[in-house]
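Novice: Sending over query_6.pdb (PDB, C-alpha atoms and all ligand atoms).
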```pdb
MODEL        1
ATOM      1  CA  MET D   1       3.948  20.807   4.310
ATOM      2  CA  ILE D   2       3.253  20.104   0.637
ATOM      3  CA  ASP D   3       0.211  21.432  -1.186
ATOM      4  CA  LEU D   4      -1.509  18.699  -3.188
ATOM      5  CA  ARG D   5      -3.839  21.061  -5.078
ATOM      6  CA  ASP D   6      -3.539  20.521  -8.853
ATOM      7  CA  LYS D   7      -0.894  17.829  -8.320
ATOM      8  CA  ASN D   8      -1.196  14.420  -9.993
ATOM      9  CA  ALA D   9      -1.321  11.221  -7.929
ATOM     10  CA  LEU D  10      -1.239   7.606  -9.050
ATOM     11  CA  VAL D  11      -3.034   5.372  -6.521
ATOM     12  CA  THR D  12      -2.576   1.606  -6.699
ATOM     13  CA  GLY D  13      -5.052  -0.675  -4.951
ATOM     14  CA  ALA D  14      -7.650   2.073  -5.429
ATOM     15  CA  SER D  15     -10.515  -0.363  -6.013
ATOM     16  CA  SER D  16     -10.984  -1.149  -2.330
ATOM     17  CA  GLY D  17     -10.161  -0.365   1.302
ATOM     18  CA  ILE D  18      -7.306   1.969   2.163
ATOM     19  CA  GLY D  19      -6.447   2.842  -1.470
ATOM     20  CA  ALA D  20     -10.010   3.859  -2.335
ATOM     21  CA  ALA D  21     -10.238   5.901   0.887
ATOM     22  CA  ILE D  22      -6.888   7.630   0.200
ATOM     23  CA  ALA D  23      -8.131   8.461  -3.321
ATOM     24  CA  ARG D  24     -11.310  10.017  -1.903
ATOM     25  CA  ARG D  25      -9.246  11.989   0.627
ATOM     26  CA  LEU D  26      -6.800  13.181  -2.070
ATOM     27  CA  SER D  27      -9.711  14.383  -4.235
ATOM     28  CA  LYS D  28     -10.797  16.611  -1.334
ATOM     29  CA  GLU D  29      -7.280  18.090  -1.471
ATOM     30  CA  LYS D  30      -8.052  18.895  -5.154
ATOM     31  CA  CYS D  31      -5.430  16.461  -6.371
ATOM     32  CA  ASN D  32      -5.940  14.884  -9.833
ATOM     33  CA  LEU D  33      -5.932  11.106  -9.796
ATOM     34  CA  PHE D  34      -5.026   8.043 -11.798
ATOM     35  CA  LEU D  35      -6.588   5.040 -10.069
ATOM     36  CA  THR D  36      -5.643   1.430 -10.597
ATOM     37  CA  GLY D  37      -6.569  -1.919  -9.101
ATOM     38  CA  LEU D  38      -8.126  -5.200 -10.086
ATOM     39  CA  GLY D  39     -11.861  -4.532  -9.878
ATOM     40  CA  GLU D  40     -13.057  -2.374 -12.784
ATOM     41  CA  GLU D  41     -16.499  -1.670 -11.354
ATOM     42  CA  GLN D  42     -15.112  -0.573  -7.966
ATOM     43  CA  LEU D  43     -12.532   1.633  -9.701
ATOM     44  CA  ARG D  44     -15.305   3.336 -11.647
ATOM     45  CA  GLU D  45     -17.264   3.897  -8.411
ATOM     46  CA  THR D  46     -14.245   5.497  -6.733
ATOM     47  CA  LYS D  47     -13.626   7.625  -9.840
ATOM     48  CA  GLU D  48     -17.222   8.910  -9.798
ATOM     49  CA  THR D  49     -17.022   9.786  -6.085
ATOM     50  CA  CYS D  50     -13.697  11.597  -6.516
ATOM     51  CA  GLU D  51     -14.881  13.535  -9.581
ATOM     52  CA  LYS D  52     -17.538  15.207  -7.429
ATOM     53  CA  GLU D  53     -14.656  17.226  -5.915
ATOM     54  CA  GLY D  54     -13.992  18.759  -9.341
ATOM     55  CA  VAL D  55     -10.687  16.996 -10.011
ATOM     56  CA  LYS D  56      -9.621  15.026 -13.091
ATOM     57  CA  VAL D  57      -9.785  11.277 -12.492
ATOM     58  CA  TYR D  58      -8.588   8.502 -14.777
ATOM     59  CA  TYR D  59      -8.580   4.785 -14.099
ATOM     60  CA  LYS D  60      -7.366   1.546 -15.578
ATOM     61  CA  GLU D  61      -7.657  -2.006 -14.370
ATOM     62  CA  CYS D  62      -4.262  -3.637 -13.871
ATOM     63  CA  ASN D  63      -3.118  -6.984 -12.516
ATOM     64  CA  PHE D  64       0.033  -6.424 -10.480
ATOM     65  CA  GLY D  65       0.653 -10.133 -10.673
ATOM     66  CA  GLU D  66       1.806  -9.684 -14.288
ATOM     67  CA  PHE D  67       4.496  -7.332 -15.584
ATOM     68  CA  ALA D  68       2.754  -7.195 -19.000
ATOM     69  CA  SER D  69      -0.359  -5.772 -17.347
ATOM     70  CA  ILE D  70       1.776  -3.118 -15.595
ATOM     71  CA  ASP D  71       3.330  -2.265 -18.994
ATOM     72  CA  GLU D  72      -0.180  -1.590 -20.353
ATOM     73  CA  LEU D  73      -0.938   0.641 -17.372
ATOM     74  CA  VAL D  74       2.293   2.617 -17.843
ATOM     75  CA  LYS D  75       1.562   3.028 -21.573
ATOM     76  CA  GLU D  76      -1.868   4.475 -20.782
ATOM     77  CA  ILE D  77      -0.557   6.891 -18.104
ATOM     78  CA  LYS D  78       2.151   8.157 -20.459
ATOM     79  CA  SER D  79      -0.168   8.403 -23.469
ATOM     80  CA  ILE D  80      -2.504  10.843 -21.681
ATOM     81  CA  GLY D  81       0.467  12.893 -20.399
ATOM     82  CA  PHE D  82      -0.341  12.285 -16.710
ATOM     83  CA  SER D  83       2.876  13.408 -15.031
ATOM     84  CA  ILE D  84       2.955  11.844 -11.558
ATOM     85  CA  ASP D  85       3.875  14.002  -8.537
ATOM     86  CA  LEU D  86       2.728  11.480  -5.923
ATOM     87  CA  TYR D  87       2.933   7.686  -6.168
ATOM     88  CA  VAL D  88       0.591   5.992  -3.704
ATOM     89  CA  LEU D  89       1.964   2.443  -3.792
ATOM     90  CA  ASN D  90      -0.714   0.668  -1.852
ATOM     91  CA  ALA D  91      -1.921  -2.476  -3.674
ATOM     92  CA  GLY D  92      -1.423  -5.606  -1.636
ATOM     93  CA  ILE D  93      -2.591  -9.085  -0.888
ATOM     94  CA  SER D  94      -2.386 -10.866   2.464
ATOM     95  CA  GLN D  95      -1.729 -14.455   3.547
ATOM     96  CA  ARG D  96      -3.436 -16.867   5.958
ATOM     97  CA  ASP D  97      -1.320 -20.023   6.254
ATOM     98  CA  ARG D  98       1.889 -21.179   7.899
ATOM     99  CA  GLY D  99       5.171 -21.066   6.001
ATOM    100  CA  PHE D 100       5.536 -24.794   5.273
ATOM    101  CA  ASP D 101       1.848 -25.064   4.370
ATOM    102  CA  THR D 102       2.264 -22.367   1.723
ATOM    103  CA  ASP D 103       3.219 -23.493  -1.766
ATOM    104  CA  PHE D 104       6.313 -21.729  -3.101
ATOM    105  CA  SER D 105       4.300 -20.399  -6.066
ATOM    106  CA  ILE D 106       2.101 -18.529  -3.557
ATOM    107  CA  ASP D 107       5.171 -17.055  -1.828
ATOM    108  CA  GLN D 108       6.242 -15.782  -5.247
ATOM    109  CA  ARG D 109       2.794 -14.393  -6.050
ATOM    110  CA  ILE D 110       2.651 -12.429  -2.795
ATOM    111  CA  MET D 111       6.143 -11.007  -3.402
ATOM    112  CA  GLN D 112       5.157 -10.128  -6.974
ATOM    113  CA  VAL D 113       1.971  -8.239  -6.055
ATOM    114  CA  ASN D 114       3.228  -6.609  -2.840
ATOM    115  CA  TYR D 115       6.844  -5.857  -3.711
ATOM    116  CA  TRP D 116       8.108  -6.447  -7.261
ATOM    117  CA  SER D 117       5.152  -4.702  -8.912
ATOM    118  CA  SER D 118       5.869  -1.419  -7.077
ATOM    119  CA  VAL D 119       9.597  -1.583  -7.827
ATOM    120  CA  TYR D 120       8.883  -2.370 -11.490
ATOM    121  CA  LEU D 121       6.252   0.361 -11.742
ATOM    122  CA  VAL D 122       8.387   3.233 -10.434
ATOM    123  CA  LYS D 123      11.314   2.134 -12.618
ATOM    124  CA  GLN D 124       9.130   2.613 -15.719
ATOM    125  CA  PHE D 125       8.929   6.323 -14.774
ATOM    126  CA  LYS D 126      12.600   6.774 -13.898
ATOM    127  CA  ASP D 127      13.359   9.374 -16.615
ATOM    128  CA  GLU D 128      10.453  11.537 -15.482
ATOM    129  CA  ILE D 129      11.245  11.095 -11.779
ATOM    130  CA  LEU D 130      14.885  12.108 -12.300
ATOM    131  CA  THR D 131      13.913  15.375 -14.031
ATOM    132  CA  LYS D 132      11.263  16.509 -11.530
ATOM    133  CA  ASP D 133      12.149  18.842  -8.648
ATOM    134  CA  ASN D 134       9.996  16.929  -6.166
ATOM    135  CA  VAL D 135       8.414  13.497  -6.261
ATOM    136  CA  SER D 136       6.526  12.004  -3.310
ATOM    137  CA  MET D 137       6.029   8.310  -2.793
ATOM    138  CA  SER D 138       3.697   6.852  -0.207
ATOM    139  CA  VAL D 139       4.380   3.180   0.398
ATOM    140  CA  THR D 140       1.795   1.139   2.309
ATOM    141  CA  THR D 141       3.689  -1.386   4.354
ATOM    142  CA  SER D 142       2.299  -2.853   7.590
ATOM    143  CA  LEU D 143       3.059  -3.471  11.254
ATOM    144  CA  ALA D 144       3.905  -6.911   9.838
ATOM    145  CA  GLY D 145       6.669  -5.132   7.894
ATOM    146  CA  LEU D 146       8.400  -4.292  11.178
ATOM    147  CA  PHE D 147       8.523  -7.796  12.639
ATOM    148  CA  GLY D 148       7.354 -11.357  12.016
ATOM    149  CA  PHE D 149       3.770 -12.470  12.511
ATOM    150  CA  PRO D 150       2.137 -15.938  12.349
ATOM    151  CA  LEU D 151       0.362 -17.002   9.123
ATOM    152  CA  ARG D 152       2.096 -14.167   7.259
ATOM    153  CA  THR D 153       5.594 -15.451   6.287
ATOM    154  CA  SER D 154       5.728 -14.081   2.730
ATOM    155  CA  TYR D 155       3.387 -11.208   3.491
ATOM    156  CA  CYS D 156       5.811 -10.056   6.223
ATOM    157  CA  ALA D 157       8.760 -10.589   3.888
ATOM    158  CA  SER D 158       7.175  -8.483   1.126
ATOM    159  CA  LYS D 159       6.441  -5.630   3.525
ATOM    160  CA  HIS D 160       9.982  -5.736   4.988
ATOM    161  CA  ALA D 161      11.336  -5.640   1.421
ATOM    162  CA  LEU D 162       9.376  -2.454   0.640
ATOM    163  CA  PHE D 163      11.126  -0.729   3.545
ATOM    164  CA  GLY D 164      14.554  -1.760   2.279
ATOM    165  CA  PHE D 165      14.067  -0.675  -1.323
ATOM    166  CA  PHE D 166      12.144   2.564  -0.867
ATOM    167  CA  GLU D 167      14.094   3.828   2.165
ATOM    168  CA  SER D 168      17.310   3.412   0.157
ATOM    169  CA  LEU D 169      15.755   5.187  -2.837
ATOM    170  CA  ASP D 170      14.761   8.083  -0.584
ATOM    171  CA  LEU D 171      18.367   8.387   0.627
ATOM    172  CA  GLU D 172      19.814   8.163  -2.890
ATOM    173  CA  TYR D 173      17.717  10.886  -4.567
ATOM    174  CA  PRO D 174      17.238  14.279  -2.877
ATOM    175  CA  ASN D 175      14.167  15.051  -5.024
ATOM    176  CA  VAL D 176      12.391  11.850  -3.949
ATOM    177  CA  HIS D 177      10.580  11.768  -0.617
ATOM    178  CA  VAL D 178       9.116   8.540   0.714
ATOM    179  CA  THR D 179       6.417   8.265   3.391
ATOM    180  CA  PHE D 180       5.888   4.776   4.789
ATOM    181  CA  LEU D 181       2.318   4.182   5.899
ATOM    182  CA  ILE D 182       2.366   1.481   8.576
ATOM    183  CA  PRO D 183      -1.177   0.269   9.254
ATOM    184  CA  GLY D 184      -1.999  -1.960  12.171
ATOM    185  CA  ARG D 185      -5.541  -3.259  11.765
ATOM    186  CA  ILE D 186      -7.819  -1.251   9.501
ATOM    187  CA  ASN D 187     -11.418  -2.263   8.839
ATOM    188  CA  THR D 188     -11.138  -3.389   5.191
ATOM    189  CA  PRO D 189     -11.930  -6.692   3.419
ATOM    190  CA  ILE D 190      -8.212  -7.593   3.123
ATOM    191  CA  SER D 191      -8.585 -10.908   4.978
ATOM    192  CA  LYS D 192     -11.244 -12.046   2.463
ATOM    193  CA  SER D 193      -8.812 -11.877  -0.465
ATOM    194  CA  ALA D 194      -5.861 -13.202   1.599
ATOM    195  CA  LEU D 195      -4.259 -16.294   0.080
ATOM    196  CA  MET D 196      -4.112 -19.660   1.762
ATOM    197  CA  GLY D 197      -1.184 -21.966   1.118
ATOM    198  CA  ASN D 198      -2.838 -23.667  -1.860
ATOM    199  CA  GLY D 199      -3.753 -20.345  -3.513
ATOM    200  CA  ASP D 200      -7.421 -20.360  -2.495
ATOM    201  CA  LYS D 201      -8.865 -17.195  -1.027
ATOM    202  CA  TYR D 202      -9.299 -17.232   2.755
ATOM    203  CA  ALA D 203     -12.723 -15.629   2.126
ATOM    204  CA  LYS D 204     -13.463 -14.729   5.750
ATOM    205  CA  MET D 205     -13.602 -11.406   7.520
ATOM    206  CA  ASP D 206     -11.160 -11.676  10.423
ATOM    207  CA  PRO D 207     -12.739 -10.521  13.705
ATOM    208  CA  GLY D 208      -9.552  -8.539  14.432
ATOM    209  CA  GLN D 209      -9.888  -6.808  11.055
ATOM    210  CA  ALA D 210     -13.540  -5.927  11.605
ATOM    211  CA  LYS D 211     -12.624  -4.219  14.907
ATOM    212  CA  GLY D 212      -9.877  -2.244  13.201
ATOM    213  CA  LEU D 213      -9.668   1.504  12.662
ATOM    214  CA  ASP D 214     -12.268   3.029  10.331
ATOM    215  CA  VAL D 215     -10.809   3.209   6.824
ATOM    216  CA  ASP D 216     -11.649   6.884   6.230
ATOM    217  CA  LYS D 217      -9.945   7.845   9.497
ATOM    218  CA  ALA D 218      -6.935   5.819   8.367
ATOM    219  CA  ALA D 219      -6.870   7.590   4.989
ATOM    220  CA  SER D 220      -7.165  10.996   6.595
ATOM    221  CA  ARG D 221      -4.117  10.245   8.816
ATOM    222  CA  ALA D 222      -2.276   8.861   5.799
ATOM    223  CA  VAL D 223      -2.800  11.964   3.656
ATOM    224  CA  LYS D 224      -1.845  14.246   6.562
ATOM    225  CA  ALA D 225       1.422  12.296   6.903
ATOM    226  CA  ILE D 226       2.084  12.533   3.139
ATOM    227  CA  LYS D 227       1.487  16.298   3.180
ATOM    228  CA  ARG D 228       3.812  16.720   6.180
ATOM    229  CA  GLN D 229       6.424  14.569   4.437
ATOM    230  CA  LYS D 230       6.725  12.270   7.443
ATOM    231  CA  HIS D 231       9.088   9.373   6.926
ATOM    232  CA  ARG D 232       6.957   6.861   8.820
ATOM    233  CA  LYS D 233       3.357   6.927  10.006
ATOM    234  CA  LEU D 234       1.850   4.239  12.220
ATOM    235  CA  ILE D 235      -1.914   4.060  11.655
ATOM    236  CA  GLY D 236      -4.272   2.017  13.808
ATOM    237  CA  LYS D 237      -5.422   1.548  17.400
ATOM    238  CA  SER D 238      -3.814  -0.052  20.475
ATOM    239  CA  GLU D 239      -2.167  -2.786  18.340
ATOM    240  CA  LEU D 240       0.411  -0.141  17.353
ATOM    241  CA  LEU D 241       1.983  -0.651  20.795
ATOM    242  CA  MET D 242       3.537  -3.786  19.305
ATOM    243  CA  ALA D 243       5.891  -1.585  17.253
ATOM    244  CA  TYR D 244       7.347  -0.126  20.436
ATOM    245  CA  ILE D 245       7.325  -3.426  22.326
ATOM    246  CA  ASN D 246       9.207  -5.120  19.453
ATOM    247  CA  ARG D 247      11.762  -2.325  19.376
ATOM    248  CA  TYR D 248      12.377  -1.717  23.048
ATOM    249  CA  MET D 249      11.299  -4.997  24.730
ATOM    250  CA  PRO D 250      11.913  -7.757  22.156
ATOM    251  CA  TRP D 251      11.572 -10.464  24.837
ATOM    252  CA  LEU D 252       7.989  -9.307  25.512
ATOM    253  CA  TYR D 253       7.219  -9.155  21.785
ATOM    254  CA  TYR D 254       7.993 -12.924  21.471
ATOM    255  CA  ILE D 255       5.644 -13.720  24.360
ATOM    256  CA  ILE D 256       2.772 -11.604  22.975
ATOM    257  CA  ALA D 257       3.253 -12.586  19.307
ATOM    258  CA  ASN D 258       3.067 -16.252  20.297
ATOM    259  CA  LYS D 259      -0.226 -15.732  22.146
ATOM    260  CA  ILE D 260      -2.013 -13.121  20.012
ATOM    261  CA  SER D 261      -4.717 -14.275  17.580
ATOM    262  CA  PRO D 262      -3.373 -13.952  14.018
ATOM    263  CA  THR D 263      -6.893 -13.591  12.586
TER     264      THR D 263
HETATM  265  N1  LIG U   1      -6.340  -3.516   6.348
HETATM  266  C1  LIG U   1      -5.331  -3.669   7.168
HETATM  267  O1  LIG U   1      -5.524  -3.911   8.362
HETATM  268  C2  LIG U   1      -3.920  -3.541   6.680
HETATM  269  C3  LIG U   1      -2.901  -3.637   7.631
HETATM  270  C4  LIG U   1      -1.587  -3.497   7.213
HETATM  271  C5  LIG U   1      -1.302  -3.250   5.893
HETATM  272  N2  LIG U   1      -2.304  -3.155   4.979
HETATM  273  C6  LIG U   1      -1.933  -2.901   3.587
HETATM  274  O2  LIG U   1      -2.742  -1.883   3.045
HETATM  275  C7  LIG U   1      -2.830  -2.053   1.625
HETATM  276  C8  LIG U   1      -4.295  -1.950   1.228
HETATM  277  O3  LIG U   1      -5.000  -3.027   1.823
HETATM  278  P1  LIG U   1      -6.532  -2.926   2.255
HETATM  279  O4  LIG U   1      -6.606  -3.233   3.681
HETATM  280  O5  LIG U   1      -7.133  -1.688   1.744
HETATM  281  O6  LIG U   1      -7.104  -4.228   1.518
HETATM  282  P2  LIG U   1      -8.119  -4.381   0.291
HETATM  283  O7  LIG U   1      -9.373  -3.674   0.611
HETATM  284  O8  LIG U   1      -8.168  -5.822   0.016
HETATM  285  O9  LIG U   1      -7.381  -3.612  -0.880
HETATM  286  C9  LIG U   1      -6.269  -4.157  -1.544
HETATM  287  C10 LIG U   1      -6.136  -3.462  -2.878
HETATM  288  O10 LIG U   1      -5.050  -4.070  -3.609
HETATM  289  C11 LIG U   1      -5.548  -4.492  -4.868
HETATM  290  N3  LIG U   1      -4.897  -5.687  -5.369
HETATM  291  C12 LIG U   1      -4.819  -6.922  -4.789
HETATM  292  N4  LIG U   1      -4.233  -7.792  -5.613
HETATM  293  C13 LIG U   1      -3.933  -7.096  -6.750
HETATM  294  C14 LIG U   1      -3.339  -7.439  -7.984
HETATM  295  N5  LIG U   1      -2.931  -8.689  -8.253
HETATM  296  N6  LIG U   1      -3.224  -6.484  -8.932
HETATM  297  C15 LIG U   1      -3.654  -5.237  -8.703
HETATM  298  N7  LIG U   1      -4.230  -4.836  -7.563
HETATM  299  C16 LIG U   1      -4.371  -5.766  -6.597
HETATM  300  C17 LIG U   1      -7.017  -4.799  -4.619
HETATM  301  O11 LIG U   1      -7.753  -4.848  -5.818
HETATM  302  P3  LIG U   1      -9.189  -5.599  -5.848
HETATM  303  O12 LIG U   1      -9.906  -5.242  -4.565
HETATM  304  O13 LIG U   1      -9.845  -5.015  -7.028
HETATM  305  O14 LIG U   1      -8.886  -7.045  -5.904
HETATM  306  C18 LIG U   1      -7.400  -3.623  -3.727
HETATM  307  O15 LIG U   1      -7.623  -2.467  -4.488
HETATM  308  C19 LIG U   1      -2.223  -3.410   1.312
HETATM  309  O16 LIG U   1      -0.920  -3.222   0.810
HETATM  310  C20 LIG U   1      -2.171  -4.088   2.676
HETATM  311  O17 LIG U   1      -1.136  -5.021   2.764
HETATM  312  C21 LIG U   1      -3.614  -3.296   5.347
ENDMDL
END
```
Would you write out, as structure tokens, the structure that this file holds?
Specialist:
Amino acid sequence: MIDLRDKNALVTGASSGIGAAIARRLSKEKCNLFLTGLGEEQLRETKETCEKEGVKVYYKECNFGEFASIDELVKEIKSIGFSIDLYVLNAGISQRDRGFDTDFSIDQRIMQVNYWSSVYLVKQFKDEILTKDNVSMSVTTSLAGLFGFPLRTSYCASKHALFGFFESLDLEYPNVHVTFLIPGRINTPISKSALMGNGDKYAKMDPGQAKGLDVDKAASRAVKAIKRQKHRKLIGKSELLMAYINRYMPWLYYIIANKISPT
């Protein structure tokens, strides 16, 4: 079990949903925070809530769709001497269109925000990571990172890719520990910002999403898993059964995945 008191955590996607809830939960553990995301106002709100726990909280808006924006973020983190003990790599964008209805530029954008940005970000801190005794990384993937799912071709691909890169990193460096958070359906506005094939926002709250696990409960389970240095943590409700069905009864997975509502 690791003690997060007085540790420093960088939380990406902290302006909404799971990231904001993890930040609030980490502040209760007395962990100092650097929050980043797209929405400046929401970041400031999360910062103010977390500061009530008496921890230091910094924030900076950053667009993970652009490496130059990530460079600015890294410059700021380094300039204030915020030495990161825990990377919460959580920012992500979803998809709501079939593969051949999705423009290739949108496939690339989803991979950029969900996968390349996290790889690029941690590489900017490689010298610091290599000299620290212990570094934790929490990587928010998805049930859709374990198998395919309709209307999510590139989303699924980006989440599978996170597993490949960060699991290998964990094996390569004894001082780096990676916890994969694997949410099923969590009640957040993720479907509203999901991209359709032409790049427009889907802009609807999926009924399945709205019935998902409460976001604070999800964050509490996530932080418990990070503290216990679990390798993988499934977070959600009965939909998590799909992970076991896919693994042990793949024939049944194909039947269910073809019938289940993807929204
Ligand atoms: N909710 C679920 O059921 C579910 C299930 C499986 C996996 N997940 C994963 O959980 C993570 C968090 O999702 P969520 O449900 O909390 O959704 P959310 O409420 O929409 O939060 C997504 C976060 O990512 C940020 N983000 C999106 N595009 C970005 C960009 N270009 N640059 C920087 N930040 C960007 C968002 O910033 P703004 O809000 O400021 O735009 C927001 O802070 C994602 O990786 C998602 O794939 C969620």
Novice: Give the residue list for ligand LIG 1 (chain U) at 7 Å, counting all atoms listed in the file, as a ChimeraX atom specification, sorted by chain and then by residue number.
Specialist: /D:12-19,37-39,42,62-65,90-94,113-114,140-144,182-190,193,209,212
Novice: Can you tell me, as number ranges by chain, what residues are no more than 8 Å from Asp101 in chain D when counting all atoms listed in the file, ignoring any on the same chain fewer than 3 positions away?
Specialist: D: 97-98, 197-198
Novice: For those residues, write C-alpha atoms to a file as a PDB file, keeping the file's coordinate frame.
Specialist:
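Writing done, so here's out37.pdb:
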```pdb
ATOM      1  CA  ASP D  97      -1.320 -20.023   6.254  1.00  0.00           C
ATOM      2  CA  ARG D  98       1.889 -21.179   7.899  1.00  0.00           C
ATOM      3  CA  GLY D 197      -1.184 -21.966   1.118  1.00  0.00           C
ATOM      4  CA  ASN D 198      -2.838 -23.667  -1.860  1.00  0.00           C
TER       5      ASN D 198
END
```
Novice: Run through the PyMOL selection byres (((chain D and resi 234-245) around 12) and not hetatm) on the given coordinates and return the selected residues as a JSON list (two decimals) with C-alpha atoms, in the coordinates of the input.
Specialist:
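Output file part18.json is given in full below:
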```
[["chain", "number", "residue", "atom", "x", "y", "z"],
["D", 18, "ILE", "CA", -7.31, 1.97, 2.16],
["D", 140, "THR", "CA", 1.80, 1.14, 2.31],
["D", 141, "THR", "CA", 3.69, -1.39, 4.35],
["D", 142, "SER", "CA", 2.30, -2.85, 7.59],
["D", 143, "LEU", "CA", 3.06, -3.47, 11.25],
["D", 144, "ALA", "CA", 3.90, -6.91, 9.84],
["D", 145, "GLY", "CA", 6.67, -5.13, 7.89],
["D", 146, "LEU", "CA", 8.40, -4.29, 11.18],
["D", 147, "PHE", "CA", 8.52, -7.80, 12.64],
["D", 148, "GLY", "CA", 7.35, -11.36, 12.02],
["D", 149, "PHE", "CA", 3.77, -12.47, 12.51],
["D", 179, "THR", "CA", 6.42, 8.26, 3.39],
["D", 180, "PHE", "CA", 5.89, 4.78, 4.79],
["D", 181, "LEU", "CA", 2.32, 4.18, 5.90],
["D", 182, "ILE", "CA", 2.37, 1.48, 8.58],
["D", 183, "PRO", "CA", -1.18, 0.27, 9.25],
["D", 184, "GLY", "CA", -2.00, -1.96, 12.17],
["D", 185, "ARG", "CA", -5.54, -3.26, 11.76],
["D", 186, "ILE", "CA", -7.82, -1.25, 9.50],
["D", 187, "ASN", "CA", -11.42, -2.26, 8.84],
["D", 208, "GLY", "CA", -9.55, -8.54, 14.43],
["D", 209, "GLN", "CA", -9.89, -6.81, 11.06],
["D", 211, "LYS", "CA", -12.62, -4.22, 14.91],
["D", 212, "GLY", "CA", -9.88, -2.24, 13.20],
["D", 213, "LEU", "CA", -9.67, 1.50, 12.66],
["D", 214, "ASP", "CA", -12.27, 3.03, 10.33],
["D", 215, "VAL", "CA", -10.81, 3.21, 6.82],
["D", 216, "ASP", "CA", -11.65, 6.88, 6.23],
["D", 217, "LYS", "CA", -9.94, 7.84, 9.50],
["D", 218, "ALA", "CA", -6.94, 5.82, 8.37],
["D", 219, "ALA", "CA", -6.87, 7.59, 4.99],
["D", 220, "SER", "CA", -7.16, 11.00, 6.60],
["D", 221, "ARG", "CA", -4.12, 10.24, 8.82],
["D", 222, "ALA", "CA", -2.28, 8.86, 5.80],
["D", 223, "VAL", "CA", -2.80, 11.96, 3.66],
["D", 224, "LYS", "CA", -1.84, 14.25, 6.56],
["D", 225, "ALA", "CA", 1.42, 12.30, 6.90],
["D", 230, "LYS", "CA", 6.72, 12.27, 7.44],
["D", 231, "HIS", "CA", 9.09, 9.37, 6.93],
["D", 232, "ARG", "CA", 6.96, 6.86, 8.82],
["D", 233, "LYS", "CA", 3.36, 6.93, 10.01],
["D", 246, "ASN", "CA", 9.21, -5.12, 19.45],
["D", 247, "ARG", "CA", 11.76, -2.33, 19.38],
["D", 248, "TYR", "CA", 12.38, -1.72, 23.05],
["D", 249, "MET", "CA", 11.30, -5.00, 24.73],
["D", 250, "PRO", "CA", 11.91, -7.76, 22.16],
["D", 251, "TRP", "CA", 11.57, -10.46, 24.84],
["D", 252, "LEU", "CA", 7.99, -9.31, 25.51],
["D", 253, "TYR", "CA", 7.22, -9.15, 21.78],
["D", 254, "TYR", "CA", 7.99, -12.92, 21.47],
["D", 255, "ILE", "CA", 5.64, -13.72, 24.36],
["D", 256, "ILE", "CA", 2.77, -11.60, 22.98],
["D", 257, "ALA", "CA", 3.25, -12.59, 19.31],
["D", 260, "ILE", "CA", -2.01, -13.12, 20.01],
["D", 261, "SER", "CA", -4.72, -14.28, 17.58]]
```
Novice: Excluding Phe82 in chain D and any residue of its chain fewer than 6 positions from it, enumerate the residues within 9 Å of it, using only C-alpha atoms, and give them as a PyMOL selection string.
Specialist: chain D and resi 8-9+33-34+76
Novice: Restricting the calculation to only C-alpha atoms: of D:Arg228, D:Lys7, D:Arg44, D:His177, which residue gets closest to Ser138 in chain D?
Specialist: D:His177
Novice: Excluding Glu45 in chain D and its own-chain neighbours fewer than 4 positions away, which residues fall within 12 Å of it when counting only C-alpha atoms? Please give them as a PyMOL selection string.
Specialist: chain D and resi 14-16+20-21+23-24+35+39-41+49-52+57-59
Novice: What does the distance from CA of Glu72 in chain D to CA of Lys159 in chain D come to in Å, to one decimal?
Specialist: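 Taking CA of Glu72 in chain D and CA of Lys159 in chain D, their separation equals 25.1 Å.
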Novice: Could you jot down the CA of Met137 in chain D to CA of Asp206 in chain D separation for me, Å, one decimal place?
Specialist: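 According to the coordinates, CA of Met137 in chain D and CA of Asp206 in chain D are separated by 29.5 Å.
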Novice: Some atoms are absent from range 115-120 of chain D, so rebuild N, CA, C and O atoms and return them as a PDB file, keeping the file's coordinate frame.
Specialist:
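Heads up, here's the output in selection-v1.pdb:
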```pdb
ATOM      1  N   TYR D 115       5.519  -6.470  -3.659  1.00  0.00           N
ATOM      2  CA  TYR D 115       6.844  -5.857  -3.711  1.00  0.00           C
ATOM      3  C   TYR D 115       7.333  -5.572  -5.137  1.00  0.00           C
ATOM      4  O   TYR D 115       7.496  -4.421  -5.534  1.00  0.00           O
ATOM      5  N   TRP D 116       7.505  -6.639  -5.940  1.00  0.00           N
ATOM      6  CA  TRP D 116       8.108  -6.447  -7.261  1.00  0.00           C
ATOM      7  C   TRP D 116       7.303  -5.496  -8.139  1.00  0.00           C
ATOM      8  O   TRP D 116       7.875  -4.710  -8.902  1.00  0.00           O
ATOM      9  N   SER D 117       5.981  -5.562  -8.041  1.00  0.00           N
ATOM     10  CA  SER D 117       5.152  -4.702  -8.912  1.00  0.00           C
ATOM     11  C   SER D 117       5.445  -3.224  -8.658  1.00  0.00           C
ATOM     12  O   SER D 117       5.531  -2.445  -9.605  1.00  0.00           O
ATOM     13  N   SER D 118       5.619  -2.840  -7.389  1.00  0.00           N
ATOM     14  CA  SER D 118       5.869  -1.419  -7.077  1.00  0.00           C
ATOM     15  C   SER D 118       7.257  -0.996  -7.552  1.00  0.00           C
ATOM     16  O   SER D 118       7.440   0.106  -8.075  1.00  0.00           O
ATOM     17  N   VAL D 119       8.234  -1.888  -7.370  1.00  0.00           N
ATOM     18  CA  VAL D 119       9.597  -1.583  -7.827  1.00  0.00           C
ATOM     19  C   VAL D 119       9.596  -1.436  -9.353  1.00  0.00           C
ATOM     20  O   VAL D 119      10.125  -0.464  -9.909  1.00  0.00           O
ATOM     21  N   TYR D 120       8.946  -2.384 -10.028  1.00  0.00           N
ATOM     22  CA  TYR D 120       8.883  -2.370 -11.490  1.00  0.00           C
ATOM     23  C   TYR D 120       8.174  -1.109 -11.981  1.00  0.00           C
ATOM     24  O   TYR D 120       8.644  -0.427 -12.898  1.00  0.00           O
TER      25      TYR D 120
END
```
